[in-house]
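Contents: one structure, followed by commentary.
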Amino acid sequence: MTKVLIATEKPFSKETVSNISSCIEKAGFTSVLLESYTSKAQLIQAVSDVSAIIVRSDVIDKEVIEAAQNLKIIVRAGAGYDNIDIAAASNKGIVVMNTPGQNANAVAELVFGLMIYHIRTAFSGKTGSELKGKNIGIHAFGSIGKIVAKIAQGFGMNVYAFDPYVSHDIIEAEGVVSLGTAQELYTNCQFISLHIPATEKTKESINYSLLSKMPKNAVLINTARKEVVHENDLQRVLEERSDFSYLSDIAPGNQNILKEKYADRVLFTAKKSGAQTAEANSNAGIAAAKQIIAFITKGVTTYQINK
Ligand code: 3PG
C-alpha cells in the first residue's frame with residue numbers, strides 16, 4: 001500500500017488538508033497526517049513505512065531519511081528546501097521536489113504588510129511616511145521578487161532589482177531597473193526586500209558592507225531566511241544608525257537583544273507567516289500531492305531538485 005505522509009509542524013488550513021487527502025485517496029493511495037508535532041521522535045516514527053512525504057519547513061535531516069524504509073519521494077510544499085538534507089536523500093535514491101511559485105503571492109503581500117505597518121508607526125497615531133516615490137530594491141528576482149515588483153509599482157515606488165541569475169532583459173521587461181551589483185542596489189534603495197535562498201554562498205552575505213550603504217531611513221525586509229543576514233553586522237548597523245529598521249518574518253538568533261535595544265525599529269512575526277494563507281496552503285499543498293501522484297504513477301520528475 002502506498003502511504004503518503006503530510007508532516008507539518010505548522011499545519012495547513014483544515015480545508016487544504018482535507019483536499020490534499022482526497023486528492024491522494026482518489027489516486028488509490030493512503031494519506032497519513034502528522035501535524036503540530038512537538039518532537040523529532042514523532043516525525044521519525046511517522047516516516048517509517050511511508051512512500052512519500054509532503055512537508056513545509058519541517059526538518060528532514062539524515063536521521064529522518066535513514067528512518068524511512070520505503071521512502072521514494074519528498075515534496076517540499078513551498079519554495080526553499082534548505083530544511084531537507086538533499087545529499088542524504090540522493091544517497092538513498094529518494095527524489096526531492098519543491099513547488100516553486102505556489103506560495104509566492106502570499107509572501108509578496110506580506111512584504112507590504114510589514115512595510116506599511118512599520119512606516120505607519122504600528123498604527124500608533126504618530127506621524128508616519130508613505131511608500132509612493134521611494135526606491136525599493138528587490139534582492140533576487142524569482143517568483144516572489146517579480147510579484148513584489150508589481151505591487152511596488154502599484155504603490156508608485158521606483159523599483160530596482162539585482163539578481164545575477166536572471167538576465168537584465170527579463171528584469172527590465174517588468175518595468176524594473178536591473179542593477180549589476182548588490183552594492184549598487186543597497187546604495188540606491190531606502191527599502192530592500194530579500195528573496196534569496198539560504199545556501200552556502202548566501203549565508204551571512206547581507207553584511208555590514210551592504211547594510212551600511214543604504215540611504216537615510218533605510219528599511220531591510222526579510223521574508224526569505226534568517227541565515228542570509230549577518231546578525232552581528234545587522235546589530236552593528238542598528239546601533240550606529242538610528243534611522244535603520246529591520247522587519248523580518250523569521251526572527252534572528254539575537255531577537256531578544258534587538259527588541260530590547262531597538263524596539264521601534266525591529267519587527268518580527270511571532271511565527272513564520274509569509275506562506276500562511278488559505279490560498280498559499282491550497283496552491284502549494286495540492287501541487288505537492290499532484291506531483292507525488294504523477295511521480296509514483298508515471299515517473300514524472302518535474303521540479304525535482306536532486307536530478
Ligand atoms: C517557502 O520557502 O516556501 C516559504 O518560506 C514558506 O515556508 P512555510 O511553508 O514553512 O510557511
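Naming scheme: A, B, ... for chains in displayed order of the C-alpha cells; residues 1 onward per chain; ligands 1 onward as shown.
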query: Within 7 Å of Thr8 of chain A, counting only C-alpha atoms, which residues qualify if same-chain residues fewer than 3 places away don't, as number ranges by chain?
result: A: 11, 34-36, 55-56, 58
May I have the residues from that selection written out with all heavy atoms, as a CSV table (one decimal), in the first residue's frame?
```csv
chain,number,residue,atom,x,y,z
A,11,PRO,N,0.7,23.6,10.6
A,11,PRO,CA,-0.3,23.0,9.8
A,11,PRO,C,-0.8,23.8,8.6
A,11,PRO,O,-0.9,25.1,8.7
A,11,PRO,CB,-1.5,22.7,10.7
A,11,PRO,CG,-0.9,22.8,12.1
A,11,PRO,CD,0.2,23.8,12.0
A,34,LEU,N,0.4,14.1,10.1
A,34,LEU,CA,1.2,14.3,11.4
A,34,LEU,C,1.3,15.9,11.4
A,34,LEU,O,2.2,16.4,10.7
A,34,LEU,CB,2.5,13.7,11.4
A,34,LEU,CG,3.4,14.0,12.6
A,34,LEU,CD1,2.9,13.4,13.9
A,34,LEU,CD2,4.9,13.6,12.4
A,35,GLU,N,0.5,16.5,12.2
A,35,GLU,CA,0.6,18.0,12.2
A,35,GLU,C,0.8,18.5,13.6
A,35,GLU,O,0.6,17.8,14.6
A,35,GLU,CB,-0.5,18.7,11.5
A,35,GLU,CG,-1.9,18.4,12.0
A,35,GLU,CD,-3.0,19.2,11.2
A,35,GLU,OE1,-2.7,19.6,10.0
A,35,GLU,OE2,-4.0,19.3,11.7
A,36,SER,N,1.4,19.7,13.8
A,36,SER,CA,1.6,20.3,15.1
A,36,SER,C,2.4,19.4,16.0
A,36,SER,O,2.2,19.4,17.2
A,36,SER,CB,0.4,20.7,15.8
A,36,SER,OG,-0.5,21.5,14.9
A,55,VAL,N,6.1,18.1,3.1
A,55,VAL,CA,6.5,18.9,4.2
A,55,VAL,C,6.4,20.4,3.9
A,55,VAL,O,6.4,20.7,2.7
A,55,VAL,CB,7.9,18.5,4.7
A,55,VAL,CG1,8.0,17.2,5.3
A,55,VAL,CG2,8.9,18.7,3.6
A,56,ARG,N,6.6,21.2,4.9
A,56,ARG,CA,6.7,22.6,4.8
A,56,ARG,C,8.2,22.9,5.2
A,56,ARG,O,9.1,22.5,4.5
A,56,ARG,CB,5.7,23.4,5.6
A,56,ARG,CG,4.3,23.0,5.1
A,56,ARG,CD,3.2,23.8,5.8
A,56,ARG,NE,3.4,25.2,5.4
A,56,ARG,CZ,2.5,26.2,5.8
A,56,ARG,NH1,1.5,25.9,6.6
A,56,ARG,NH2,2.7,27.4,5.4
A,58,ASP,N,9.5,21.8,7.8
A,58,ASP,CA,9.9,20.7,8.6
A,58,ASP,C,11.3,20.2,8.3
A,58,ASP,O,11.6,20.0,7.1
A,58,ASP,CB,8.9,19.6,8.5
A,58,ASP,CG,7.5,20.1,8.7
A,58,ASP,OD1,6.9,20.7,7.7
A,58,ASP,OD2,7.0,19.9,9.8
```
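Near Asn306 of chain A, within 10 Å and counting only C-alpha atoms, sit Ile86, Ala87, Ala89, Ser90, Gly93, Ile94, Val95, Val96 and Met97 of chain A; same-chain residues fewer than 6 positions away were not included.
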Would you save the residues of that selection, restricted to N, CA, C and O atoms, as a PDB file, in the first residue's frame?
```
ATOM      1  N   ILE A  86      19.538  17.153   1.177  1.00  0.00           N
ATOM      2  CA  ILE A  86      19.429  16.667  -0.208  1.00  0.00           C
ATOM      3  C   ILE A  86      20.432  15.534  -0.460  1.00  0.00           C
ATOM      4  O   ILE A  86      20.096  14.539  -1.095  1.00  0.00           O
ATOM      5  N   ALA A  87      21.644  15.690   0.084  1.00  0.00           N
ATOM      6  CA  ALA A  87      22.674  14.667  -0.141  1.00  0.00           C
ATOM      7  C   ALA A  87      22.233  13.330   0.444  1.00  0.00           C
ATOM      8  O   ALA A  87      22.364  12.280  -0.201  1.00  0.00           O
ATOM      9  N   ALA A  89      19.203  12.326   0.961  1.00  0.00           N
ATOM     10  CA  ALA A  89      18.094  11.796   0.154  1.00  0.00           C
ATOM     11  C   ALA A  89      18.656  11.177  -1.135  1.00  0.00           C
ATOM     12  O   ALA A  89      18.300  10.049  -1.494  1.00  0.00           O
ATOM     13  N   SER A  90      19.545  11.897  -1.796  1.00  0.00           N
ATOM     14  CA  SER A  90      20.124  11.402  -3.055  1.00  0.00           C
ATOM     15  C   SER A  90      20.845  10.080  -2.822  1.00  0.00           C
ATOM     16  O   SER A  90      20.741   9.161  -3.639  1.00  0.00           O
ATOM     17  N   GLY A  93      18.616   7.380  -3.070  1.00  0.00           N
ATOM     18  CA  GLY A  93      17.829   7.356  -4.309  1.00  0.00           C
ATOM     19  C   GLY A  93      16.438   7.962  -4.152  1.00  0.00           C
ATOM     20  O   GLY A  93      15.521   7.634  -4.909  1.00  0.00           O
ATOM     21  N   ILE A  94      16.295   8.822  -3.157  1.00  0.00           N
ATOM     22  CA  ILE A  94      14.987   9.450  -2.919  1.00  0.00           C
ATOM     23  C   ILE A  94      14.898  10.764  -3.702  1.00  0.00           C
ATOM     24  O   ILE A  94      15.812  11.593  -3.654  1.00  0.00           O
ATOM     25  N   VAL A  95      13.804  10.924  -4.421  1.00  0.00           N
ATOM     26  CA  VAL A  95      13.577  12.139  -5.211  1.00  0.00           C
ATOM     27  C   VAL A  95      13.110  13.259  -4.280  1.00  0.00           C
ATOM     28  O   VAL A  95      12.273  13.037  -3.405  1.00  0.00           O
ATOM     29  N   VAL A  96      13.671  14.472  -4.474  1.00  0.00           N
ATOM     30  CA  VAL A  96      13.219  15.636  -3.699  1.00  0.00           C
ATOM     31  C   VAL A  96      12.705  16.688  -4.682  1.00  0.00           C
ATOM     32  O   VAL A  96      13.360  16.984  -5.678  1.00  0.00           O
ATOM     33  N   MET A  97      11.523  17.211  -4.395  1.00  0.00           N
ATOM     34  CA  MET A  97      10.942  18.277  -5.245  1.00  0.00           C
ATOM     35  C   MET A  97      10.490  19.436  -4.367  1.00  0.00           C
ATOM     36  O   MET A  97      10.267  19.262  -3.164  1.00  0.00           O
TER      37      MET A  97
END
```
Nearby polymer residues, ligand 1, at most 9 Å, only C-alpha atoms and all ligand atoms, as a PDB file with N, CA, C and O atoms, in the first residue's frame:
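What follows is the written file result.pdb:
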```pdb
ATOM      1  N   THR A   8       3.464  18.315   8.915  1.00  0.00           N
ATOM      2  CA  THR A   8       3.544  19.773   9.005  1.00  0.00           C
ATOM      3  C   THR A   8       3.519  20.225  10.461  1.00  0.00           C
ATOM      4  O   THR A   8       2.470  20.191  11.107  1.00  0.00           O
ATOM      5  N   GLU A   9       4.673  20.647  10.934  1.00  0.00           N
ATOM      6  CA  GLU A   9       4.744  21.195  12.296  1.00  0.00           C
ATOM      7  C   GLU A   9       3.859  22.448  12.361  1.00  0.00           C
ATOM      8  O   GLU A   9       3.182  22.701  13.351  1.00  0.00           O
ATOM      9  N   LYS A  10       3.873  23.229  11.254  1.00  0.00           N
ATOM     10  CA  LYS A  10       2.958  24.384  11.137  1.00  0.00           C
ATOM     11  C   LYS A  10       1.871  23.947  10.146  1.00  0.00           C
ATOM     12  O   LYS A  10       2.117  23.861   8.947  1.00  0.00           O
ATOM     13  N   PRO A  11       0.679  23.621  10.637  1.00  0.00           N
ATOM     14  CA  PRO A  11      -0.320  22.973   9.776  1.00  0.00           C
ATOM     15  C   PRO A  11      -0.842  23.843   8.632  1.00  0.00           C
ATOM     16  O   PRO A  11      -0.868  25.065   8.722  1.00  0.00           O
ATOM     17  N   PHE A  12      -1.272  23.157   7.578  1.00  0.00           N
ATOM     18  CA  PHE A  12      -2.052  23.781   6.511  1.00  0.00           C
ATOM     19  C   PHE A  12      -3.444  24.051   7.075  1.00  0.00           C
ATOM     20  O   PHE A  12      -3.837  23.479   8.101  1.00  0.00           O
ATOM     21  N   VAL A  55       6.067  18.062   3.070  1.00  0.00           N
ATOM     22  CA  VAL A  55       6.486  18.877   4.221  1.00  0.00           C
ATOM     23  C   VAL A  55       6.448  20.354   3.881  1.00  0.00           C
ATOM     24  O   VAL A  55       6.363  20.730   2.714  1.00  0.00           O
ATOM     25  N   ARG A  56       6.582  21.180   4.942  1.00  0.00           N
ATOM     26  CA  ARG A  56       6.749  22.621   4.764  1.00  0.00           C
ATOM     27  C   ARG A  56       8.195  22.948   5.189  1.00  0.00           C
ATOM     28  O   ARG A  56       9.113  22.484   4.548  1.00  0.00           O
ATOM     29  N   SER A  57       8.359  23.678   6.304  1.00  0.00           N
ATOM     30  CA  SER A  57       9.735  23.964   6.750  1.00  0.00           C
ATOM     31  C   SER A  57      10.246  22.873   7.689  1.00  0.00           C
ATOM     32  O   SER A  57      11.271  23.045   8.354  1.00  0.00           O
ATOM     33  N   ASP A  58       9.538  21.777   7.756  1.00  0.00           N
ATOM     34  CA  ASP A  58       9.910  20.662   8.639  1.00  0.00           C
ATOM     35  C   ASP A  58      11.315  20.153   8.305  1.00  0.00           C
ATOM     36  O   ASP A  58      11.639  19.993   7.126  1.00  0.00           O
ATOM     37  N   ARG A  76       8.633  19.298  -0.855  1.00  0.00           N
ATOM     38  CA  ARG A  76       8.572  20.477  -0.002  1.00  0.00           C
ATOM     39  C   ARG A  76       7.462  21.353  -0.594  1.00  0.00           C
ATOM     40  O   ARG A  76       7.605  21.880  -1.722  1.00  0.00           O
ATOM     41  N   ALA A  77       6.333  21.463   0.120  1.00  0.00           N
ATOM     42  CA  ALA A  77       5.224  22.297  -0.369  1.00  0.00           C
ATOM     43  C   ALA A  77       5.615  23.747  -0.130  1.00  0.00           C
ATOM     44  O   ALA A  77       5.294  24.344   0.883  1.00  0.00           O
ATOM     45  N   GLY A  78       6.358  24.289  -1.069  1.00  0.00           N
ATOM     46  CA  GLY A  78       6.879  25.642  -0.923  1.00  0.00           C
ATOM     47  C   GLY A  78       8.109  25.795  -1.789  1.00  0.00           C
ATOM     48  O   GLY A  78       8.392  24.936  -2.644  1.00  0.00           O
ATOM     49  N   ALA A  79       8.854  26.863  -1.553  1.00  0.00           N
ATOM     50  CA  ALA A  79       9.981  27.181  -2.435  1.00  0.00           C
ATOM     51  C   ALA A  79      11.335  26.722  -1.875  1.00  0.00           C
ATOM     52  O   ALA A  79      12.057  25.954  -2.503  1.00  0.00           O
ATOM     53  N   GLY A  80      11.663  27.193  -0.664  1.00  0.00           N
ATOM     54  CA  GLY A  80      13.004  26.946  -0.099  1.00  0.00           C
ATOM     55  C   GLY A  80      13.128  25.528   0.420  1.00  0.00           C
ATOM     56  O   GLY A  80      12.252  25.030   1.113  1.00  0.00           O
ATOM     57  N   TYR A  81      14.230  24.862   0.084  1.00  0.00           N
ATOM     58  CA  TYR A  81      14.390  23.460   0.516  1.00  0.00           C
ATOM     59  C   TYR A  81      15.650  23.273   1.358  1.00  0.00           C
ATOM     60  O   TYR A  81      16.228  22.204   1.428  1.00  0.00           O
ATOM     61  N   ASP A  82      16.067  24.337   2.035  1.00  0.00           N
ATOM     62  CA  ASP A  82      17.236  24.261   2.909  1.00  0.00           C
ATOM     63  C   ASP A  82      16.958  23.428   4.160  1.00  0.00           C
ATOM     64  O   ASP A  82      17.882  23.117   4.919  1.00  0.00           O
ATOM     65  N   ASN A  98      10.320  20.603  -4.993  1.00  0.00           N
ATOM     66  CA  ASN A  98       9.618  21.704  -4.342  1.00  0.00           C
ATOM     67  C   ASN A  98       8.437  22.085  -5.233  1.00  0.00           C
ATOM     68  O   ASN A  98       8.185  21.426  -6.252  1.00  0.00           O
ATOM     69  N   THR A  99       7.699  23.106  -4.835  1.00  0.00           N
ATOM     70  CA  THR A  99       6.551  23.545  -5.646  1.00  0.00           C
ATOM     71  C   THR A  99       6.737  25.043  -5.939  1.00  0.00           C
ATOM     72  O   THR A  99       6.039  25.873  -5.360  1.00  0.00           O
ATOM     73  N   PRO A 100       7.687  25.387  -6.781  1.00  0.00           N
ATOM     74  CA  PRO A 100       8.046  26.800  -6.951  1.00  0.00           C
ATOM     75  C   PRO A 100       6.885  27.682  -7.399  1.00  0.00           C
ATOM     76  O   PRO A 100       6.075  27.268  -8.223  1.00  0.00           O
ATOM     77  N   GLY A 101       6.817  28.855  -6.801  1.00  0.00           N
ATOM     78  CA  GLY A 101       5.821  29.861  -7.195  1.00  0.00           C
ATOM     79  C   GLY A 101       4.460  29.719  -6.522  1.00  0.00           C
ATOM     80  O   GLY A 101       3.688  30.669  -6.477  1.00  0.00           O
ATOM     81  N   GLN A 102       4.174  28.552  -5.944  1.00  0.00           N
ATOM     82  CA  GLN A 102       2.809  28.306  -5.454  1.00  0.00           C
ATOM     83  C   GLN A 102       2.413  29.188  -4.272  1.00  0.00           C
ATOM     84  O   GLN A 102       1.233  29.462  -4.081  1.00  0.00           O
ATOM     85  N   ASN A 103       3.396  29.584  -3.459  1.00  0.00           N
ATOM     86  CA  ASN A 103       3.020  30.456  -2.328  1.00  0.00           C
ATOM     87  C   ASN A 103       3.611  31.863  -2.482  1.00  0.00           C
ATOM     88  O   ASN A 103       3.612  32.657  -1.541  1.00  0.00           O
ATOM     89  N   ALA A 104       4.080  32.179  -3.688  1.00  0.00           N
ATOM     90  CA  ALA A 104       4.808  33.440  -3.904  1.00  0.00           C
ATOM     91  C   ALA A 104       3.957  34.679  -3.627  1.00  0.00           C
ATOM     92  O   ALA A 104       4.435  35.651  -3.035  1.00  0.00           O
ATOM     93  N   VAL A 107       3.684  35.539   0.110  1.00  0.00           N
ATOM     94  CA  VAL A 107       4.920  36.100   0.683  1.00  0.00           C
ATOM     95  C   VAL A 107       5.075  37.554   0.231  1.00  0.00           C
ATOM     96  O   VAL A 107       5.378  38.439   1.035  1.00  0.00           O
ATOM     97  N   PRO A 197      17.673  32.548  -1.594  1.00  0.00           N
ATOM     98  CA  PRO A 197      17.591  31.317  -0.790  1.00  0.00           C
ATOM     99  C   PRO A 197      18.769  31.252   0.181  1.00  0.00           C
ATOM    100  O   PRO A 197      19.754  31.981   0.004  1.00  0.00           O
ATOM    101  N   THR A 223      11.790  38.335   4.156  1.00  0.00           N
ATOM    102  CA  THR A 223      10.781  37.257   4.176  1.00  0.00           C
ATOM    103  C   THR A 223      11.412  35.999   3.563  1.00  0.00           C
ATOM    104  O   THR A 223      10.704  35.097   3.129  1.00  0.00           O
ATOM    105  N   ALA A 224      12.764  35.982   3.530  1.00  0.00           N
ATOM    106  CA  ALA A 224      13.474  34.849   2.919  1.00  0.00           C
ATOM    107  C   ALA A 224      13.906  33.869   4.021  1.00  0.00           C
ATOM    108  O   ALA A 224      13.105  33.026   4.450  1.00  0.00           O
ATOM    109  N   ARG A 225      15.142  34.000   4.483  1.00  0.00           N
ATOM    110  CA  ARG A 225      15.650  33.124   5.540  1.00  0.00           C
ATOM    111  C   ARG A 225      16.509  33.955   6.475  1.00  0.00           C
ATOM    112  O   ARG A 225      17.277  34.801   6.027  1.00  0.00           O
ATOM    113  N   LYS A 271       5.473  33.810  14.338  1.00  0.00           N
ATOM    114  CA  LYS A 271       5.790  32.539  13.679  1.00  0.00           C
ATOM    115  C   LYS A 271       5.847  32.836  12.191  1.00  0.00           C
ATOM    116  O   LYS A 271       5.049  33.650  11.706  1.00  0.00           O
ATOM    117  N   LYS A 272       6.769  32.200  11.486  1.00  0.00           N
ATOM    118  CA  LYS A 272       6.932  32.487  10.050  1.00  0.00           C
ATOM    119  C   LYS A 272       5.560  32.436   9.347  1.00  0.00           C
ATOM    120  O   LYS A 272       4.905  31.398   9.327  1.00  0.00           O
ATOM    121  N   SER A 273       5.174  33.577   8.788  1.00  0.00           N
ATOM    122  CA  SER A 273       3.797  33.711   8.304  1.00  0.00           C
ATOM    123  C   SER A 273       3.669  33.970   6.816  1.00  0.00           C
ATOM    124  O   SER A 273       2.549  34.080   6.304  1.00  0.00           O
ATOM    125  N   GLY A 274       4.785  34.114   6.113  1.00  0.00           N
ATOM    126  CA  GLY A 274       4.754  34.500   4.700  1.00  0.00           C
ATOM    127  C   GLY A 274       3.811  33.664   3.862  1.00  0.00           C
ATOM    128  O   GLY A 274       3.009  34.189   3.088  1.00  0.00           O
ATOM    129  N   ALA A 275       3.900  32.354   4.007  1.00  0.00           N
ATOM    130  CA  ALA A 275       3.096  31.465   3.156  1.00  0.00           C
ATOM    131  C   ALA A 275       1.836  30.998   3.870  1.00  0.00           C
ATOM    132  O   ALA A 275       1.162  30.087   3.400  1.00  0.00           O
ATOM    133  N   GLN A 276       1.534  31.624   5.019  1.00  0.00           N
ATOM    134  CA  GLN A 276       0.420  31.107   5.816  1.00  0.00           C
ATOM    135  C   GLN A 276      -0.903  31.790   5.454  1.00  0.00           C
ATOM    136  O   GLN A 276      -1.496  32.507   6.255  1.00  0.00           O
ATOM    137  N   ALA A 280      -2.322  30.117  -0.320  1.00  0.00           N
ATOM    138  CA  ALA A 280      -0.975  29.554  -0.498  1.00  0.00           C
ATOM    139  C   ALA A 280      -0.923  28.107  -0.013  1.00  0.00           C
ATOM    140  O   ALA A 280      -0.302  27.250  -0.648  1.00  0.00           O
ATOM    141  N   ASN A 281      -1.588  27.832   1.118  1.00  0.00           N
ATOM    142  CA  ASN A 281      -1.653  26.452   1.632  1.00  0.00           C
ATOM    143  C   ASN A 281      -2.220  25.539   0.560  1.00  0.00           C
ATOM    144  O   ASN A 281      -1.675  24.484   0.257  1.00  0.00           O
ATOM    145  N   ALA A 284       0.131  25.297  -2.743  1.00  0.00           N
ATOM    146  CA  ALA A 284       1.362  24.509  -2.550  1.00  0.00           C
ATOM    147  C   ALA A 284       1.052  23.071  -2.138  1.00  0.00           C
ATOM    148  O   ALA A 284       1.685  22.124  -2.626  1.00  0.00           O
TER     149      ALA A 284
END
```
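Comparing the minimum interatomic distances between Ile196 of chain A and each of A:Gly137, A:Gly128, A:Gly285, A:Gly145, counting only C-alpha atoms, we find that A:Gly145 sits nearest.
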message: Set the distance at 12 Å and use only C-alpha atoms: which residues neighbour Phe191 of chain A once local chain neighbours fewer than 6 positions away are removed? I'd like the list as a ChimeraX atom specification.
response: /A:111-112,114-116,118-119,130-139,148,152,157-161,185,211,213-222,244-247
Residues near Ile60 of chain A, anyone? I mean within 8 Å using only C-alpha atoms, not counting same-chain ones fewer than 4 positions away, as a PDB file with C-alpha atoms, in the first residue's frame.
```pdb
ATOM      1  CA  VAL A  64      14.764  11.159   9.454  1.00  0.00           C
ATOM      2  CA  ILE A  65      15.710   9.958   5.966  1.00  0.00           C
ATOM      3  CA  ASN A  83      15.334  22.197   5.521  1.00  0.00           C
ATOM      4  CA  ILE A  84      15.980  18.972   3.601  1.00  0.00           C
ATOM      5  CA  ASP A  85      19.255  17.056   3.563  1.00  0.00           C
TER       6      ASP A  85
END
```
- prompt: Mind checking DSSP for segment 85-236 of chain A and telling me the strand (DSSP E) residues as a PyMOL selection string?
  reply: chain A and resi 95-98+135-139+158-162+177-178+191-194+219-222
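Considering only C-alpha atoms, the residue among A:Gln153, A:Ser282, A:Asn207, A:Ser51 positioned nearest to Leu71 of chain A is A:Ser51.
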- prompt: Mind pulling up the distance from atom CA of Gln235 of chain A to atom CA of Ile257 of chain A?
  reply: 8.9 Å
message: Set the distance at 12 Å and use only C-alpha atoms: which residues neighbour Lys290 of chain A once local chain neighbours fewer than 2 positions away are removed? I'd like the list as number ranges by chain.
response: A: 4, 19-27, 29, 52, 54, 75, 77, 97-99, 282-288, 292-298, 300-303
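Closest approach to Met1 of chain A among A:Gly175, A:Gly28, A:Gly142, A:Pro252: A:Gly28, based on only C-alpha atoms.
With only C-alpha atoms as the atoms that count, the minimum distance from Lys203 of chain A to the choices A:Phe123, A:Ile53, A:Val228, A:Asn188 is reached by A:Val228.
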message: Which residues are near Ser242 of chain A? Cut-off 9 Å, only C-alpha atoms, ignore same chain within fewer than 3 positions. Put them as an MDAnalysis selection string.
response: chainID A and resid 217 237:239 245 262 265
Can you spit out the residues from that selection as a PDB file, in the first residue's frame, using C-alpha atoms?
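Result file is selection.pdb:
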```pdb
ATOM      1  CA  ASN A 217      15.631  55.901   6.790  1.00  0.00           C
ATOM      2  CA  VAL A 237      24.211  48.882  11.849  1.00  0.00           C
ATOM      3  CA  LEU A 238      21.164  49.199  14.112  1.00  0.00           C
ATOM      4  CA  GLU A 239      23.496  50.530  16.846  1.00  0.00           C
ATOM      5  CA  SER A 245      14.992  49.384  10.607  1.00  0.00           C
ATOM      6  CA  TYR A 262      15.781  48.998  19.164  1.00  0.00           C
ATOM      7  CA  ARG A 265      12.991  49.764  14.617  1.00  0.00           C
TER       8      ARG A 265
END
```
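Once Glu204 of chain A and its same-chain neighbours fewer than 4 positions away are set aside, Ile196, Pro197, Ala198, Thr199, Glu200, Tyr208, Ser209, Leu210, Leu211, Arg225, Lys226, Glu227, Val228, Val229, His230, Glu231, Asn232, Asp233, Leu234 and Pro252 of chain A remain within 12 Å of it when counting only C-alpha atoms.
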